[in-house]
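Undergrad: Got a structure for you, written out below as structure tokens; questions coming shortly.
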Amino acid sequence: MQLTLALHSITSIYPSDSTRLEGEALAVDLTELSGLLLEDSSLAAVDFEIVSPGESCRAGPVFDIVEPRAKVPGSGPDWPGILGGPLTAGMGTTHVLRGAAVTVLREESVGDSRGAVGYVLEMSGAAAQESHYGSLHHLIVIPRTRTGLPSHTQQRAYRIAGLKTAVYLARAALKVASDEIEMFEPVGPAVNGREGLPRVAYVGQIFSRQRKPAIDEPILYGADTDGMLPLTLHPDEWLDGALVPSYHNSLGGAETYFYQNHPVITELYRRHHAREINFVGTVATIASANNFDRERNCRFAASLVKWALNADGAVLTKFGGGVPHTDLSETARLLEGMGIKTAVQVTDLARDRRIESALLFNFPEVNAIVCIGGNSTSWKGPRVERAIAANPEMVERLRGPVEIEAMNVIGVANQQGASRLRAMVY
Amino acid sequence: MRIVHYLNQFFGGLGGEEKANLPLETKEGAVGPGKLLEQLLGSDARVVMTLVCGDNYAVEHQAEMIGASLDKIRQADADLFVAGPCFQAGRYGMAAGALCSEAQSKLSMAVITGMAEENPGADLYREFLYIVDSGANAANMREALARMASLGRKLIERAPIGLPKEEGYLPHGLIRDQFVVQTAAERLVDMVLAKLANKPFESEMAPTAFAPVPMPPPIKDLKKAKLMLITDGGLVPKGNPDNIQGSAATRWGSYKIANCDDLSGADYEISHGGYDPQFVRQDPDRLVPLDAMRELERAGVIGELYDEFLSTSGLANPLSNTRRMGREMAEKAKALGIDAVILTST
């Protein structure tokens, strides 16, 4: 397994009569792209907006953000299981438009526990500085589904539109010499020449069974996670299209972009390349809905780390809301019991800002905790020149001025390891 | 900068335990540790008044002592009220904490005290006050006063206050957000590598220990018992009459189920944003098992089911809130003579 990323730096996107890459400028034929997306019979129309870092602009609610990437023919399908057959991701060469993003909006906010605006993309001001997404050039896709479609069909249409757009854009780079090539050294439990280095694994939740996956919801190689047991994935599979997040994610969220640029996996690779560790692999797991399921999943995940990856240490992240902390901590506790050292990343749940309310577990051995804050950070988003949303009501709302909480600004309290927000005990 | 300083009888120079019953006294200027405090605060600082009180008197006549002290502090037109440091002296710490707390809230002024972490006054007041960690040993007087002086000055000037470790105060046990240079992923990997190398690491969150809840005695005769159903799954009658919030709820409701054997989804809704409510919507008995309870009632397995169920939403709710609601529900159940409660969660 050997993934090569051919990186093309993008510093502007503009509409044009043909899609092509000219230096660092990406020209996009929006008519052709629109025709491609409207092949999906769920879509009645699609609109596009282009936004740049620093622009007085706010968009939402965001469904997902994807980095434009396309695989060189012969390297396997783009988005295996969704746009192509479910073949192993992470092989061959993938072209990447670094600095660009495809941002898909929802037509309506899902209105979860964090309020009605959902996730908002901020392109200027203090909030934009705290999210990686504020520094990217976005092609915003506003899908308009046919009336009367059930929610799962709508959301699948959003998903497909985002992924197809990302591939379409990056195909413009296939025949262009890249600015930089990124390759990854071999990883895995059987890699030689790294004796004596600490063997470190990553255990990442990819779904929370607080909700059932929607009908036809693609998550792992195009399949939903019903019936899924913990499994090992090569790190390059995460980076190269094996995974997209669930339609529903909360408390800061997870985006496709940060699977493609997985902060934990890229950090482990960095340490692996620096010969500080032996990165032995990853386990993808789910958060459970009940104790029976939890006992099984946590044990299977821990066993894979021990017996398949033979790790000395593991880092763990969660997906979704509060309950997944139970699976996270139980898996860490089991690992510690097997002699495997752990560090876990949690969401701070203390709305009263008292430490006693912050954690949903208390195991003495699970004592290395990274805590993402968010409960006491919000911004007074100023009135913006461009407010982008699928419906006029949301446009008015987002135009501002509007008070936005950190957990609602996409990227700020991200659960995949990208967040720079920390809960400090004082 | 005008300072009023509080000392117990020992540090105020009046005597040891034998003088612990002395009432509040006022002295002009700095006394004992106050002289050092004045020096440490700088040339513009003056301890204009020292309040001295016996440890027993302060605890036994706390309300009166505090009232009199607040009058004096107000008259002195002070910028800063300093109490102690009290080290491990329990009664001294309790008095200092109470005084600082009252001066801070009633006079809206800067206050600072110092204690050992084990001082009972620390436990009681650390959330609301800056309490410098003085340690237990009075030989650390200079160090404790230096920290109190530096923090006190910042409080007067309303300067930003750093973290407990940087400033030397006992953690309030609170959380605030801060943007840091490293991503969560970098922090995570750093931490596991430190742990693997047996090097020290700083966890970003401390687990909290809770006192175990003792198991109640078993019900003597279930056939005669009166039972109640309580849920935190957010089941409420259509329209949510009590406006129970779907997240971090501050309210709970009590809803009639008399003359009803089976809950219908048409009559109820879910106010809870943390789980997939579709199955409860189809049949609320899946959350509040009225149908099963009625069967048990008819079969004589239980005495009777109370004719209302209690409900709130258990999502993302801080403990300060849930404790209160739990207490209110328990009081209601007790007043009604309920023998047992079945709690259902999601």
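Just so we're on the same page: first chain in the structure tokens is A, next is B, and so on; residues restart at 1 for each chain, and ligands are numbered from 1 in the order they show up.
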Could you work out which residues of chain B fall inside 7 Å of chain A? Count only C-alpha atoms, and format the result as a ChimeraX atom specification.
TA: /B:163-164,171-189,191-192,195-196,203-205,207-209,247,273,275-276,316,318-319
Undergrad: Residues at most 8 Å from B:Ser254, counting only C-alpha atoms, excluding those fewer than 3 positions away in the same chain, as a ChimeraX atom specification?
TA: /B:308-311
Undergrad: I'd like the contact shell of A:Leu37 - 9 Å cut-off, only C-alpha atoms, skipping same-chain residues fewer than 3 positions apart - returned as a list of chain:residue names.
TA: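 Surrounding residues, per the criterion: A:Glu32, A:Leu33, A:Ser34, A:Asp40, A:Leu43, A:Ala45, A:Val46, A:Pro143, A:Ile160, A:Ala161, A:Lys164, A:Thr165.
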Undergrad: I need the residues from that last selection saved to file as an mmCIF file, in the first residue's frame (with N, CA, C and O atoms), if you can.
TA:
```
data_model
loop_
_atom_site.group_PDB
_atom_site.id
_atom_site.type_symbol
_atom_site.label_atom_id
_atom_site.label_comp_id
_atom_site.auth_asym_id
_atom_site.auth_seq_id
_atom_site.Cartn_x
_atom_site.Cartn_y
_atom_site.Cartn_z
ATOM 1 N N GLU A 32 -21.058 23.378 -17.051
ATOM 2 C CA GLU A 32 -20.757 21.959 -17.220
ATOM 3 C C GLU A 32 -20.920 21.208 -15.894
ATOM 4 O O GLU A 32 -21.502 20.123 -15.831
ATOM 5 N N LEU A 33 -20.429 21.836 -14.815
ATOM 6 C CA LEU A 33 -20.528 21.213 -13.489
ATOM 7 C C LEU A 33 -21.999 21.025 -13.107
ATOM 8 O O LEU A 33 -22.401 19.965 -12.610
ATOM 9 N N SER A 34 -22.784 22.051 -13.359
ATOM 10 C CA SER A 34 -24.204 21.990 -13.046
ATOM 11 C C SER A 34 -24.859 20.823 -13.789
ATOM 12 O O SER A 34 -25.625 20.039 -13.201
ATOM 13 N N ASP A 40 -28.235 13.685 -11.278
ATOM 14 C CA ASP A 40 -28.925 13.102 -10.123
ATOM 15 C C ASP A 40 -30.372 13.581 -10.140
ATOM 16 O O ASP A 40 -30.646 14.776 -9.993
ATOM 17 N N LEU A 43 -32.080 16.144 -7.743
ATOM 18 C CA LEU A 43 -31.818 17.586 -7.772
ATOM 19 C C LEU A 43 -32.650 18.264 -8.856
ATOM 20 O O LEU A 43 -32.664 17.831 -10.006
ATOM 21 N N ALA A 45 -32.287 21.740 -9.179
ATOM 22 C CA ALA A 45 -31.396 22.825 -9.606
ATOM 23 C C ALA A 45 -30.200 22.857 -8.664
ATOM 24 O O ALA A 45 -30.211 22.216 -7.610
ATOM 25 N N VAL A 46 -29.194 23.562 -9.080
ATOM 26 C CA VAL A 46 -28.043 23.734 -8.195
ATOM 27 C C VAL A 46 -27.453 25.119 -8.455
ATOM 28 O O VAL A 46 -27.425 25.592 -9.592
ATOM 29 N N PRO A 143 -27.403 22.876 -3.303
ATOM 30 C CA PRO A 143 -28.279 21.947 -4.023
ATOM 31 C C PRO A 143 -29.733 22.267 -3.733
ATOM 32 O O PRO A 143 -30.085 22.652 -2.617
ATOM 33 N N ILE A 160 -23.643 13.255 -2.610
ATOM 34 C CA ILE A 160 -23.155 12.920 -3.944
ATOM 35 C C ILE A 160 -22.702 14.199 -4.657
ATOM 36 O O ILE A 160 -21.655 14.227 -5.324
ATOM 37 N N ALA A 161 -23.482 15.268 -4.499
ATOM 38 C CA ALA A 161 -23.142 16.525 -5.178
ATOM 39 C C ALA A 161 -21.769 17.025 -4.720
ATOM 40 O O ALA A 161 -20.943 17.462 -5.532
ATOM 41 N N LYS A 164 -18.967 14.554 -6.055
ATOM 42 C CA LYS A 164 -18.789 14.666 -7.510
ATOM 43 C C LYS A 164 -18.101 15.982 -7.880
ATOM 44 O O LYS A 164 -17.226 16.023 -8.754
ATOM 45 N N THR A 165 -18.503 17.057 -7.209
ATOM 46 C CA THR A 165 -17.882 18.354 -7.486
ATOM 47 C C THR A 165 -16.388 18.316 -7.156
ATOM 48 O O THR A 165 -15.555 18.822 -7.927
#
```
Undergrad: So that I can check the surroundings of stretch 57-62 of chain B, please list as number ranges by chain every protein, DNA and RNA residue that reaches within 10 Å of it, counting only C-alpha atoms and ignoring chain neighbours fewer than 4 positions away.
TA: B: 8, 19-24, 52-53, 66-68, 91-92, 94-96, 98-99
Undergrad: Keeping N, CA, C and O atoms, export the residues of the selection given above as a short mmCIF file (atom, residue, chain, number, x, y, z; two decimals), in the first residue's frame.
TA:
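Okay, part.cif is ready:
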```
data_model
loop_
_atom_site.label_atom_id
_atom_site.label_comp_id
_atom_site.auth_asym_id
_atom_site.auth_seq_id
_atom_site.Cartn_x
_atom_site.Cartn_y
_atom_site.Cartn_z
N ASN B 8 -6.40 36.71 62.34
CA ASN B 8 -6.96 36.10 63.56
C ASN B 8 -6.14 36.58 64.76
O ASN B 8 -5.16 37.32 64.61
N LYS B 19 -6.85 33.02 73.56
CA LYS B 19 -7.50 34.30 73.20
C LYS B 19 -8.49 34.13 72.05
O LYS B 19 -8.91 35.10 71.44
N ALA B 20 -8.85 32.87 71.74
CA ALA B 20 -9.69 32.61 70.56
C ALA B 20 -11.11 33.15 70.70
O ALA B 20 -11.85 33.19 69.73
N ASN B 21 -11.49 33.56 71.93
CA ASN B 21 -12.84 34.07 72.11
C ASN B 21 -12.93 35.59 72.03
O ASN B 21 -14.00 36.16 72.22
N LEU B 22 -11.80 36.25 71.73
CA LEU B 22 -11.81 37.72 71.67
C LEU B 22 -12.68 38.21 70.52
O LEU B 22 -12.60 37.69 69.41
N PRO B 23 -13.50 39.22 70.75
CA PRO B 23 -14.34 39.75 69.66
C PRO B 23 -13.52 40.59 68.68
O PRO B 23 -12.33 40.83 68.89
N LEU B 24 -14.19 41.04 67.65
CA LEU B 24 -13.54 41.81 66.59
C LEU B 24 -12.95 43.12 67.13
O LEU B 24 -13.61 43.85 67.86
N VAL B 52 -8.92 42.42 63.61
CA VAL B 52 -8.41 41.23 64.28
C VAL B 52 -9.56 40.61 65.06
O VAL B 52 -10.31 41.33 65.75
N CYS B 53 -9.68 39.29 64.94
CA CYS B 53 -10.79 38.63 65.65
C CYS B 53 -10.35 37.24 66.11
O CYS B 53 -9.58 36.57 65.42
N ILE B 66 -19.22 39.58 60.47
CA ILE B 66 -19.15 40.00 59.07
C ILE B 66 -19.81 41.36 58.88
O ILE B 66 -19.26 42.26 58.25
N GLY B 67 -20.97 41.53 59.50
CA GLY B 67 -21.68 42.81 59.39
C GLY B 67 -20.81 43.96 59.86
O GLY B 67 -20.65 44.97 59.17
N ALA B 68 -20.20 43.77 61.04
CA ALA B 68 -19.35 44.83 61.61
C ALA B 68 -18.14 45.08 60.72
O ALA B 68 -17.75 46.23 60.48
N ARG B 91 -10.65 27.36 61.36
CA ARG B 91 -11.62 28.41 61.73
C ARG B 91 -11.22 29.74 61.08
O ARG B 91 -12.06 30.50 60.62
N TYR B 92 -9.92 29.99 61.05
CA TYR B 92 -9.39 31.22 60.43
C TYR B 92 -9.76 31.23 58.93
O TYR B 92 -10.26 32.23 58.40
N MET B 94 -12.23 29.61 57.44
CA MET B 94 -13.68 29.76 57.27
C MET B 94 -14.08 31.23 57.40
O MET B 94 -14.89 31.74 56.62
N ALA B 95 -13.49 31.90 58.39
CA ALA B 95 -13.82 33.32 58.61
C ALA B 95 -13.31 34.16 57.44
O ALA B 95 -14.02 35.04 56.92
N ALA B 96 -12.09 33.89 56.99
CA ALA B 96 -11.50 34.67 55.89
C ALA B 96 -12.31 34.48 54.62
O ALA B 96 -12.60 35.44 53.90
N ALA B 98 -15.51 33.55 54.34
CA ALA B 98 -16.82 34.18 54.46
C ALA B 98 -16.71 35.70 54.30
O ALA B 98 -17.51 36.32 53.59
N LEU B 99 -15.71 36.28 54.94
CA LEU B 99 -15.51 37.74 54.85
C LEU B 99 -15.24 38.18 53.41
O LEU B 99 -15.81 39.15 52.92
#
```
Undergrad: Would you mind telling me which residue in A:Met407, A:Ala170, A:Val104, A:Leu149 lies nearest to A:Ala6 when using only C-alpha atoms?
TA: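 For A:Ala6, the nearest of the candidates is A:Ala170.
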